[in-house]
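**Q** Once you've had a glance at the structure underneath, I'll fire off some questions.
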Amino acid sequence: MAQSTHEAPLLEVRNVERRFGALVAVNDVSFTVPAGQVFGIAGPNGSGKSTLFNVMTGIPFGPSGGKVLLEGREIQHLRAHEISRAGIARTFQKDAEFATLSAFENAYAGAVYCAGLSGVQARDEAAKALDDVGLGEERRDKAAGDLTVFERKQLMIASAIAGRPRILLLDEPAAGLTRPEVSALAELIRTVNGRGVTVLLIEHVLPLLLSVSQHLMILNHGSVIASGKPAEVVRDPQVVEAYLGKREAAL
Ligand SMILES: Nc1ncnc2c1ncn2[C@@H]1O[C@H](COP(=O)(O)OP(=O)(O)OP(=O)(O)O)[C@@H](O)[C@H]1O
């Protein structure tokens, strides 16, 4: 019998696969994320992390096989903007802001695209999102391209949450940040999560993953090789061998 939506986890990825010709970039990946969790994802370069986010959001493509369920409802066949409006927002590894638009206009564009809002409503949500990430009034009229690296990360998150998503997918948000900035980013992720947004976080910076995640999943060659409590997962011999190596010793 089909699971009722009432009992379903917020997000379920079931046997998802993504092929590029002969390459299986995401191979039979399954996991569930309960509402309210920060769910960390790590793995070596090329292990399929970004592709997993791509197939979950339909940007730019869906899975070759398997299902993605949001509160029990299949969404893998939906188009990118429909998935976004169903409540899943994402950020990208590369800067994706409109550099010549102001910070406020970028957040506004996020509210328009992610939630289909317009006018006063979109302005209100953009302003709230900028408040949530701590991007102060004095920086909102600046061109996004003139913001500091950390301010652009704040803006990236503000633009993604301006559509009030239930789930936020963050793809390596700590790239390019100094150590104090990584701590500030951890605080920002906790703040967003504290406002009720479930977070999936791809990250190479393990101290960040360990400090904010309640669950950690490791991919290698497209497959899940470990999944569980972060402190236990990073000690899993398979994980140490596949991914952490010397990094683990440095923790
Ligand atoms: N559009 C594409 N066409 C062909 N191959 C692709 C495409 N996108 C990703 N791949 C391949 O799929 C595999 C997984 O790539 P992916 O970018 O998902 O890895 P990743 O774990 O996010 O890596 P990184 O940590 O370096 O960002 C790689 O071998 C990559 O070359």
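Residue numbering restarts at 1 in every chain; chains get A, B, ... in the order shown in the structure tokens, and ligands count up from 1 in that same order.
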Check every protein, DNA and RNA residue against ligand 1, keep those with an atom at most 6 Å away (counting only C-alpha atoms and all ligand atoms), and present them as a list in words.

**A**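 Within the 6 Å cut-off, the matching residues are Phe20, Ala25, Pro44, Asn45, Gly46, Ser47, Gly48, Lys49, Ser50 and Thr51 of chain A.
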
**Q** If we count only C-alpha atoms and set the cut-off at 6 Å, which residues sit around range 201-213 of chain A, ignoring sequence neighbours fewer than 3 positions away in its own chain? Please answer as a PyMOL selection string.

**A** chain A and resi 38-42+170-172

**Q** Might you pull out every residue within 10 Å of Pro60 in chain A, with only C-alpha atoms counted and same-chain residues fewer than 6 positions away left off, and present them as number ranges by chain?

**A** A: 51, 53-54, 79-80

**Q** Tell me, in Å to one decimal, how far CA of Leu78 in chain A is from CA of Arg164 in chain A.

**A** 19.1 Å

**Q** Residues near Gly65 in chain A, anyone? I mean within 10 Å using only C-alpha atoms, not counting same-chain ones fewer than 3 positions away, as a PyMOL selection string.

**A** chain A and resi 14-19+26-28+55+62+68+76

**Q** Create the file for the chosen residues now, containing C-alpha atoms and written as an mmCIF file, in the first residue's frame.

**A**
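Done, and the output landed in out-v2.cif:
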data_model
loop_
_atom_site.group_PDB
_atom_site.id
_atom_site.type_symbol
_atom_site.label_atom_id
_atom_site.label_comp_id
_atom_site.auth_asym_id
_atom_site.auth_seq_id
_atom_site.Cartn_x
_atom_site.Cartn_y
_atom_site.Cartn_z
ATOM 1 C CA ARG A 14 14.994 6.364 -3.607
ATOM 2 C CA ASN A 15 17.380 4.351 -5.822
ATOM 3 C CA VAL A 16 18.363 7.417 -7.796
ATOM 4 C CA GLU A 17 20.722 7.004 -10.705
ATOM 5 C CA ARG A 18 22.270 9.381 -13.223
ATOM 6 C CA ARG A 19 24.220 8.113 -16.214
ATOM 7 C CA VAL A 26 25.084 8.670 -9.272
ATOM 8 C CA ASN A 27 24.569 4.982 -8.631
ATOM 9 C CA ASP A 28 21.506 3.666 -6.790
ATOM 10 C CA VAL A 55 18.936 15.468 -10.334
ATOM 11 C CA GLY A 62 16.575 14.978 -13.697
ATOM 12 C CA VAL A 68 12.685 11.803 -5.444
ATOM 13 C CA GLN A 76 11.542 13.681 -10.158
#

**Q** Mind listing the strand (DSSP E) residues of range 118-196 of chain A, per DSSP on the backbone, as a ChimeraX atom specification?

**A** /A:167-171

**Q** Set the distance at 7 Å and use only C-alpha atoms: which residues neighbour range 192-195 of chain A once local chain neighbours fewer than 4 positions away are removed? I'd like the list as a ChimeraX atom specification.

**A** /A:36,188,199

**Q** Kindly save the residues from that selection, with C-alpha atoms included, as a short mmCIF file (atom, residue, chain, number, x, y, z; two decimals), in the first residue's frame.

**A**
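Resulting contents of selection_7.cif:
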data_model
loop_
_atom_site.label_atom_id
_atom_site.label_comp_id
_atom_site.auth_asym_id
_atom_site.auth_seq_id
_atom_site.Cartn_x
_atom_site.Cartn_y
_atom_site.Cartn_z
CA GLY A 36 14.42 20.17 10.41
CA LEU A 188 24.44 31.39 9.33
CA VAL A 199 19.37 21.89 4.93
#

**Q** From the list A:Asn220, A:Gln37, A:Thr32, A:Gln214, which residue is nearest Glu241 in chain A when using only C-alpha atoms?

**A**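 Once distances to Glu241 in chain A are computed over only C-alpha atoms, the minimum belongs to A:Asn220.
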
**Q** Which of these, A:Ser30, A:Ser84, A:His215, A:Asp141, has the shortest distance to Gly228 in chain A once you count only C-alpha atoms?

**A**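 Among A:Ser30, A:Ser84, A:His215, A:Asp141, it is A:His215 that comes nearest to Gly228 in chain A.
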
**Q** Within 6 Å of Pro230 in chain A, counting only C-alpha atoms, which residues show up once you throw out same-chain ones fewer than 2 positions away? Write them as a count of residues only, please.

**A** 4

**Q** Rank nothing, just name the residue among A:Ala226, A:Ile75, A:Ala122, A:Ala175 nearest to Ser159 in chain A, using only C-alpha atoms.

**A**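 Once distances to Ser159 in chain A are computed over only C-alpha atoms, the minimum belongs to A:Ala122.
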
**Q** I need the residues of range 96-233 of chain A that end up classed as helix (DSSP H, G or I) by DSSP on the backbone, written out as a ChimeraX atom specification.

**A** /A:103-115,119-133,137-140,144-146,149-161,179-194,206-212,230-233

**Q** Using only C-alpha atoms, which protein or nucleic acid residues come within 10 Å of range 128-134 of chain A? Drop anything in the same chain fewer than 3 positions from it, and give the result as a PyMOL selection string.

**A** chain A and resi 103-104+107-108+110-111+122-125+137+139-140+151+153-164+185+187-189+191-192+195

**Q** Please produce a file of those selected residues containing N, CA and C atoms, as a short mmCIF file (atom, residue, chain, number, x, y, z; two decimals), in the first residue's frame.

**A**
data_model
loop_
_atom_site.label_atom_id
_atom_site.label_comp_id
_atom_site.auth_asym_id
_atom_site.auth_seq_id
_atom_site.Cartn_x
_atom_site.Cartn_y
_atom_site.Cartn_z
N ALA A 103 22.42 43.96 -4.39
CA ALA A 103 22.14 42.81 -3.53
C ALA A 103 20.64 42.63 -3.37
N PHE A 104 19.94 43.76 -3.17
CA PHE A 104 18.49 43.66 -2.98
C PHE A 104 17.81 43.09 -4.23
N ALA A 107 18.20 39.36 -4.40
CA ALA A 107 17.29 38.65 -3.48
C ALA A 107 15.86 38.70 -4.01
N TYR A 108 15.50 39.84 -4.58
CA TYR A 108 14.16 40.01 -5.17
C TYR A 108 13.96 38.99 -6.31
N GLY A 110 15.37 36.22 -6.57
CA GLY A 110 15.20 34.90 -5.94
C GLY A 110 13.75 34.67 -5.53
N ALA A 111 13.14 35.69 -4.96
CA ALA A 111 11.74 35.56 -4.52
C ALA A 111 10.82 35.36 -5.72
N ALA A 122 7.18 40.13 -3.05
CA ALA A 122 8.55 39.74 -3.38
C ALA A 122 9.55 40.66 -2.68
N ARG A 123 9.22 41.94 -2.61
CA ARG A 123 10.11 42.91 -1.93
C ARG A 123 10.21 42.56 -0.45
N ASP A 124 9.07 42.24 0.17
CA ASP A 124 9.06 41.90 1.59
C ASP A 124 9.90 40.66 1.87
N GLU A 125 9.70 39.64 1.03
CA GLU A 125 10.44 38.39 1.24
C GLU A 125 11.93 38.59 1.01
N GLU A 137 21.48 46.81 5.87
CA GLU A 137 20.86 47.80 4.98
C GLU A 137 21.88 48.51 4.09
N ARG A 139 24.50 47.60 2.76
CA ARG A 139 25.10 46.84 1.65
C ARG A 139 24.08 46.41 0.61
N ARG A 140 22.82 46.67 0.86
CA ARG A 140 21.78 46.14 -0.04
C ARG A 140 21.70 46.84 -1.39
N GLU A 151 30.20 38.29 1.89
CA GLU A 151 28.90 38.93 1.64
C GLU A 151 28.18 38.28 0.46
N LYS A 153 28.41 35.18 -0.30
CA LYS A 153 27.84 33.91 0.22
C LYS A 153 26.52 34.21 0.95
N GLN A 154 26.53 35.30 1.73
CA GLN A 154 25.29 35.68 2.43
C GLN A 154 24.19 35.94 1.41
N LEU A 155 24.56 36.66 0.34
CA LEU A 155 23.57 36.99 -0.69
C LEU A 155 23.08 35.74 -1.41
N MET A 156 24.00 34.82 -1.68
CA MET A 156 23.64 33.57 -2.35
C MET A 156 22.58 32.83 -1.54
N ILE A 157 22.77 32.80 -0.23
CA ILE A 157 21.81 32.11 0.64
C ILE A 157 20.51 32.91 0.73
N ALA A 158 20.64 34.24 0.82
CA ALA A 158 19.43 35.08 0.87
C ALA A 158 18.58 34.89 -0.38
N SER A 159 19.22 34.86 -1.55
CA SER A 159 18.48 34.71 -2.81
C SER A 159 17.77 33.36 -2.84
N ALA A 160 18.43 32.34 -2.27
CA ALA A 160 17.82 31.00 -2.28
C ALA A 160 16.66 30.90 -1.30
N ILE A 161 16.76 31.60 -0.15
CA ILE A 161 15.68 31.47 0.85
C ILE A 161 14.59 32.52 0.69
N ALA A 162 14.79 33.46 -0.27
CA ALA A 162 13.78 34.51 -0.46
C ALA A 162 12.45 33.93 -0.94
N GLY A 163 12.50 32.74 -1.52
CA GLY A 163 11.26 32.07 -1.93
C GLY A 163 10.67 31.22 -0.82
N ARG A 164 11.20 31.36 0.41
CA ARG A 164 10.73 30.61 1.59
C ARG A 164 10.67 29.11 1.33
N LEU A 185 29.87 31.25 8.62
CA LEU A 185 28.95 30.52 7.73
C LEU A 185 28.21 29.43 8.51
N GLU A 187 27.41 29.51 11.59
CA GLU A 187 26.38 30.20 12.38
C GLU A 187 25.19 30.57 11.50
N LEU A 188 25.50 31.01 10.28
CA LEU A 188 24.44 31.39 9.33
C LEU A 188 23.59 30.17 8.96
N ILE A 189 24.24 29.04 8.73
CA ILE A 189 23.48 27.81 8.39
C ILE A 189 22.59 27.42 9.57
N THR A 191 21.35 29.42 11.77
CA THR A 191 20.25 30.41 11.84
C THR A 191 19.15 30.06 10.86
N VAL A 192 19.54 29.77 9.61
CA VAL A 192 18.55 29.44 8.58
C VAL A 192 17.80 28.17 8.99
N ARG A 195 15.24 28.66 11.59
CA ARG A 195 13.99 29.29 11.13
C ARG A 195 13.11 28.27 10.42
#

**Q** Which distance in Å separates CA of Pro180 in chain A and CA of Val149 in chain A, to one decimal?

**A**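 Going from CA of Pro180 in chain A over to CA of Val149 in chain A covers 12.7 Å.
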
**Q** Expressed in Å to a single decimal, how great is the separation between CA of Pro9 in chain A and CA of Leu117 in chain A?

**A** 27.1 Å

**Q** Using only C-alpha atoms, which of A:Glu7, A:Leu101, A:His221, A:Ile83 sits nearest Val24 in chain A?

**A** A:His221

**Q** Find, counting only C-alpha atoms, the residue in A:Gly196, A:Pro173, A:Pro237, A:Gly136 that gets nearest to Thr91 in chain A.

**A**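 Smallest distance to Thr91 in chain A is found for A:Pro173.
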
**Q** Using only C-alpha atoms, pick whichever of A:Lys142, A:Gly66, A:Leu168, A:Thr100 has the shortest atom-to-atom distance to Cys114 in chain A.

**A**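 Of A:Lys142, A:Gly66, A:Leu168, A:Thr100, the one nearest Cys114 in chain A, counting only C-alpha atoms, is A:Leu168.
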